[in-house]
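I have placed the structure first, in the form of structure tokens, so that the comments after it can refer back to it.
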Amino acid sequence: MLSAVNAFFIYLGLEDSQVKQIAIQESSYRDDSRDLNRDEYFQLVAAALAQGLVVVALVIATLCNTGIRASELAFLTVESLKIQNIRIYNKKKYRMVRIPDQLASKLKDYIAAQGIKEGPIFLNKHGDPLTRHQIWSMVKCAAKAAGIDSNKAYPHNLRHLFAKEYYERYRDLEKLAKILGHTSIDTTRKYLLQPASEHGRQIDELDLMPKDW
């Protein structure tokens, strides 16, 4: 926006009125106060199941087990479930995302019970794929039932949790970027910035204050 303003000032012959821009260095850590952890994810699923909301539980589990975006959930079809791979076309590129065995088993039980023979697995009452807003509402509903801070409960946080869990186990940033569908590995790296709480602990442990002060 500042570049556009400056270009306008140049056009008007008011070069001296240009706004000076400063470079903002990327943070080495992230605010983790809104992170959703592994236990909280399990609580979301359990709360949904306790209320008989099997669809909500499956949606949450699918997002967290695959790392797909909420907007990509429509690509989860009966056909993709048969081969346990979701073929996703998003942002002008295709990618394949594996459906884990245990999740696949639960999804197969669900489509059998619902009589779903083809097409997208998760549909709304109109027979259309769930919208991002509907998915968002499902996660918020489960969070309320589980007593989890609503600021932590949104679909993209489940994607972040998948990324964190995958990287902590395999330390393969390049492959993780491909799974998530990131064009730039730098985007993936941002998902994995050190939590502020851990960063603070490390800085405190430097113990650089004089003992006799």
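Ligands are numbered from 1 in the order shown, chains are lettered A, B, ... in the order of the structure tokens, and residues start at 1 in each chain.
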Requested in this report: Identify, with DSSP run on backbone atoms, the residues in segment 42-190 of chain A assigned to alpha helix (DSSP H), and express the list as a ChimeraX atom specification.
Outcome: /A:42-50,54-66,78-83,101-114,132-146,155-170,173-180,185-190
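For Met138 of chain A, the non-local neighbours within 6 Å, defined as residues at least 3 positions apart in the same chain or in other chains and counting only C-alpha atoms, are Val56, Ile135 and Cys141 of chain A.
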How would the residues just chosen look if you wrote them out with N, CA and C atoms as an mmCIF file, in the first residue's frame?
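The new file selection24.cif reads:
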data_model
loop_
_atom_site.group_PDB
_atom_site.id
_atom_site.type_symbol
_atom_site.label_atom_id
_atom_site.label_comp_id
_atom_site.auth_asym_id
_atom_site.auth_seq_id
_atom_site.Cartn_x
_atom_site.Cartn_y
_atom_site.Cartn_z
ATOM 1 N N VAL A 56 -19.181 -34.337 12.852
ATOM 2 C CA VAL A 56 -18.265 -33.325 13.390
ATOM 3 C C VAL A 56 -16.949 -33.973 13.801
ATOM 4 N N ILE A 135 -17.823 -25.801 8.296
ATOM 5 C CA ILE A 135 -16.740 -26.545 8.941
ATOM 6 C C ILE A 135 -16.232 -25.779 10.154
ATOM 7 N N CYS A 141 -18.291 -25.597 17.687
ATOM 8 C CA CYS A 141 -19.299 -26.320 18.461
ATOM 9 C C CYS A 141 -18.635 -27.373 19.341
#
Report summary line: One residue among A:Thr62, A:Gln21, A:Asn37, A:Ser71 is nearest to Arg132 of chain A when using only C-alpha atoms, and that residue is A:Ser71
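Each of A:Asn85, A:Gln134, A:Gln18, A:Ser27 was checked against Ala70 of chain A using only C-alpha atoms; the smallest atom-to-atom distance is that of A:Gln134.
With only C-alpha atoms taken into account, the protein and nucleic acid residues at most 12 Å from Ile116 of chain A (excluding it and anything under 4 positions from it in its own chain) are Thr77, Val78, Glu79, Leu81, Leu107, Lys108, Asp109, Tyr110, Ile111, Ala112, Pro120, Ile121, Phe122, Leu123 and Gly127 of chain A.
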Since we have the selection now, will you write its residues out, keeping C-alpha atoms, as a PDB file, in the first residue's frame?
ATOM      1  CA  THR A  77     -14.794 -38.608  -1.942  1.00  0.00           C
ATOM      2  CA  VAL A  78     -15.943 -42.212  -1.852  1.00  0.00           C
ATOM      3  CA  GLU A  79     -13.665 -42.807  -4.824  1.00  0.00           C
ATOM      4  CA  LEU A  81     -11.412 -43.395   0.048  1.00  0.00           C
ATOM      5  CA  LEU A 107     -14.863 -43.098   7.139  1.00  0.00           C
ATOM      6  CA  LYS A 108     -15.824 -46.391   5.487  1.00  0.00           C
ATOM      7  CA  ASP A 109     -18.081 -47.225   8.441  1.00  0.00           C
ATOM      8  CA  TYR A 110     -19.684 -43.798   8.097  1.00  0.00           C
ATOM      9  CA  ILE A 111     -20.418 -43.961   4.360  1.00  0.00           C
ATOM     10  CA  ALA A 112     -21.791 -47.498   4.783  1.00  0.00           C
ATOM     11  CA  PRO A 120     -17.995 -36.118  -1.640  1.00  0.00           C
ATOM     12  CA  ILE A 121     -18.348 -37.778   1.751  1.00  0.00           C
ATOM     13  CA  PHE A 122     -19.256 -34.741   3.830  1.00  0.00           C
ATOM     14  CA  LEU A 123     -22.409 -33.004   2.628  1.00  0.00           C
ATOM     15  CA  GLY A 127     -26.613 -32.249  -0.560  1.00  0.00           C
TER      16      GLY A 127
END
